[in-house]
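Q: Have a look at this one.
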Amino acid sequence: VMVAWCVKDPVTCCTYNVSACVPACCAGTLPILVDCQRGIFGRKILTYQFPCCGHCVDVVVTKFGRTIVRD
């Protein structure tokens with residue numbers, strides 16, 4: 001199912017709306033930020049985990065504020 005939530009960049013404090021396709025058991029729950037890493041080209045890789053089933057989604061925030069979801 002498709003779920004949407006708000007992501008906050010820990011460096012700039014900007015917020016972004018993202019959506020991802022996740023297992024049906026994750027619908028209705030908000031993911032928790034579990035990791036933040038630096039990527040290449042000034043990107044930030046934020047890893048979110050759904051507490052109900054442990055499913056993880058990576059959200060990449062580019063230095064220009066574009067978001068890329070890896071589900």
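To be explicit about the labels: the chains of the structure tokens are called A, B, and onward in the order shown, and within each one the residues are counted from 1, while ligands get numbers from 1 in the order they are shown.
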As a ChimeraX atom specification, please: every residue in chain A that a backbone DSSP assignment puts in strand (DSSP E).
A: /A:2-8,15-21,32-38,44-49,56-61,67-70
Q: Given the selection you just returned, output its residues as a file containing N, CA and C atoms, formatted as an mmCIF file, in the first residue's frame.
A:
data_model
loop_
_atom_site.group_PDB
_atom_site.id
_atom_site.type_symbol
_atom_site.label_atom_id
_atom_site.label_comp_id
_atom_site.auth_asym_id
_atom_site.auth_seq_id
_atom_site.Cartn_x
_atom_site.Cartn_y
_atom_site.Cartn_z
ATOM 1 N N MET A 2 0.349 2.332 -0.454
ATOM 2 C CA MET A 2 1.083 3.594 -0.492
ATOM 3 C C MET A 2 0.804 4.368 0.792
ATOM 4 N N VAL A 3 1.870 4.787 1.481
ATOM 5 C CA VAL A 3 1.736 5.609 2.684
ATOM 6 C C VAL A 3 2.547 6.882 2.490
ATOM 7 N N ALA A 4 2.146 7.938 3.180
ATOM 8 C CA ALA A 4 2.848 9.225 3.092
ATOM 9 C C ALA A 4 3.120 9.740 4.490
ATOM 10 N N TRP A 5 4.235 10.439 4.639
ATOM 11 C CA TRP A 5 4.579 11.055 5.918
ATOM 12 C C TRP A 5 5.518 12.223 5.656
ATOM 13 N N CYS A 6 5.789 12.975 6.686
ATOM 14 C CA CYS A 6 6.625 14.166 6.603
ATOM 15 C C CYS A 6 8.029 13.824 7.105
ATOM 16 N N VAL A 7 9.047 14.178 6.326
ATOM 17 C CA VAL A 7 10.443 13.919 6.654
ATOM 18 C C VAL A 7 11.106 15.238 6.986
ATOM 19 N N LYS A 8 11.889 15.266 8.071
ATOM 20 C CA LYS A 8 12.605 16.476 8.456
ATOM 21 C C LYS A 8 14.096 16.266 8.247
ATOM 22 N N THR A 15 11.314 20.482 5.992
ATOM 23 C CA THR A 15 10.450 19.305 5.969
ATOM 24 C C THR A 15 10.003 19.007 4.544
ATOM 25 N N TYR A 16 9.840 17.729 4.255
ATOM 26 C CA TYR A 16 9.447 17.275 2.931
ATOM 27 C C TYR A 16 8.369 16.212 3.080
ATOM 28 N N ASN A 17 7.381 16.239 2.213
ATOM 29 C CA ASN A 17 6.372 15.180 2.161
ATOM 30 C C ASN A 17 6.887 14.083 1.245
ATOM 31 N N VAL A 18 6.887 12.849 1.745
ATOM 32 C CA VAL A 18 7.319 11.713 0.939
ATOM 33 C C VAL A 18 6.264 10.625 0.997
ATOM 34 N N SER A 19 6.295 9.740 0.027
ATOM 35 C CA SER A 19 5.402 8.589 0.037
ATOM 36 C C SER A 19 6.180 7.379 -0.449
ATOM 37 N N ALA A 20 5.768 6.213 0.046
ATOM 38 C CA ALA A 20 6.447 4.971 -0.311
ATOM 39 C C ALA A 20 5.443 3.832 -0.352
ATOM 40 N N CYS A 21 5.765 2.837 -1.120
ATOM 41 C CA CYS A 21 4.953 1.632 -1.192
ATOM 42 C C CYS A 21 5.510 0.650 -0.158
ATOM 43 N N ILE A 32 9.749 5.537 12.100
ATOM 44 C CA ILE A 32 10.662 6.186 13.033
ATOM 45 C C ILE A 32 12.021 6.310 12.362
ATOM 46 N N LEU A 33 12.660 7.484 12.494
ATOM 47 C CA LEU A 33 14.003 7.684 11.955
ATOM 48 C C LEU A 33 14.977 6.852 12.776
ATOM 49 N N VAL A 34 15.693 5.926 12.132
ATOM 50 C CA VAL A 34 16.627 5.059 12.849
ATOM 51 C C VAL A 34 18.080 5.314 12.467
ATOM 52 N N ASP A 35 18.335 5.989 11.334
ATOM 53 C CA ASP A 35 19.716 6.226 10.926
ATOM 54 C C ASP A 35 19.782 7.403 9.968
ATOM 55 N N CYS A 36 20.900 8.111 10.018
ATOM 56 C CA CYS A 36 21.149 9.226 9.112
ATOM 57 C C CYS A 36 22.611 9.148 8.695
ATOM 58 N N GLN A 37 22.855 9.049 7.387
ATOM 59 C CA GLN A 37 24.212 8.943 6.875
ATOM 60 C C GLN A 37 24.447 9.972 5.790
ATOM 61 N N ARG A 38 25.723 10.286 5.566
ATOM 62 C CA ARG A 38 26.084 11.162 4.471
ATOM 63 C C ARG A 38 26.327 10.313 3.238
ATOM 64 N N LYS A 44 21.995 13.318 1.895
ATOM 65 C CA LYS A 44 21.765 12.733 3.210
ATOM 66 C C LYS A 44 20.847 11.538 3.019
ATOM 67 N N ILE A 45 21.186 10.415 3.636
ATOM 68 C CA ILE A 45 20.382 9.205 3.517
ATOM 69 C C ILE A 45 19.737 8.948 4.873
ATOM 70 N N LEU A 46 18.433 9.109 4.930
ATOM 71 C CA LEU A 46 17.674 8.932 6.164
ATOM 72 C C LEU A 46 16.970 7.576 6.093
ATOM 73 N N THR A 47 17.196 6.734 7.082
ATOM 74 C CA THR A 47 16.560 5.418 7.113
ATOM 75 C C THR A 47 15.420 5.447 8.118
ATOM 76 N N TYR A 48 14.223 5.140 7.635
ATOM 77 C CA TYR A 48 13.027 5.087 8.473
ATOM 78 C C TYR A 48 12.577 3.643 8.607
ATOM 79 N N GLN A 49 12.134 3.275 9.813
ATOM 80 C CA GLN A 49 11.666 1.918 10.068
ATOM 81 C C GLN A 49 10.239 1.964 10.596
ATOM 82 N N CYS A 56 12.008 -1.280 6.463
ATOM 83 C CA CYS A 56 12.795 -0.043 6.385
ATOM 84 C C CYS A 56 12.664 0.605 5.012
ATOM 85 N N VAL A 57 12.702 1.940 5.017
ATOM 86 C CA VAL A 57 12.655 2.737 3.796
ATOM 87 C C VAL A 57 13.753 3.783 3.894
ATOM 88 N N ASP A 58 14.549 3.929 2.836
ATOM 89 C CA ASP A 58 15.570 4.971 2.786
ATOM 90 C C ASP A 58 15.023 6.171 2.031
ATOM 91 N N VAL A 59 15.223 7.359 2.601
ATOM 92 C CA VAL A 59 14.844 8.603 1.942
ATOM 93 C C VAL A 59 16.129 9.388 1.727
ATOM 94 N N VAL A 60 16.445 9.677 0.476
ATOM 95 C CA VAL A 60 17.645 10.426 0.134
ATOM 96 C C VAL A 60 17.236 11.874 -0.101
ATOM 97 N N VAL A 61 17.921 12.801 0.579
ATOM 98 C CA VAL A 61 17.673 14.231 0.387
ATOM 99 C C VAL A 61 18.913 14.809 -0.287
ATOM 100 N N THR A 67 13.874 14.928 -2.967
ATOM 101 C CA THR A 67 13.827 13.693 -2.199
ATOM 102 C C THR A 67 13.680 12.492 -3.135
ATOM 103 N N ILE A 68 14.388 11.423 -2.793
ATOM 104 C CA ILE A 68 14.321 10.170 -3.535
ATOM 105 C C ILE A 68 14.021 9.082 -2.525
ATOM 106 N N VAL A 69 12.962 8.320 -2.753
ATOM 107 C CA VAL A 69 12.563 7.255 -1.812
ATOM 108 C C VAL A 69 13.008 5.922 -2.369
ATOM 109 N N ARG A 70 13.718 5.166 -1.524
ATOM 110 C CA ARG A 70 14.126 3.797 -1.877
ATOM 111 C C ARG A 70 13.354 2.863 -0.969
#
Q: Skipping near chain neighbours, those fewer than 3 positions away, what residues fall within 10 Å of A:Cys26 using only C-alpha atoms, listed as a list in words?
A: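 Listing them by chain and then by number gives Val1, Met2, Val3, Cys21, Val22, Pro23, Thr29, Leu30, Pro31, Gln49, Phe50, Pro51, Cys52, Cys53, Gly54 and His55 of chain A.
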Q: Which residue gives the smallest distance to A:Thr62 among A:Gly42, A:Cys25, A:Asp9, A:Cys14, with only C-alpha atoms counted?
A: A:Gly42
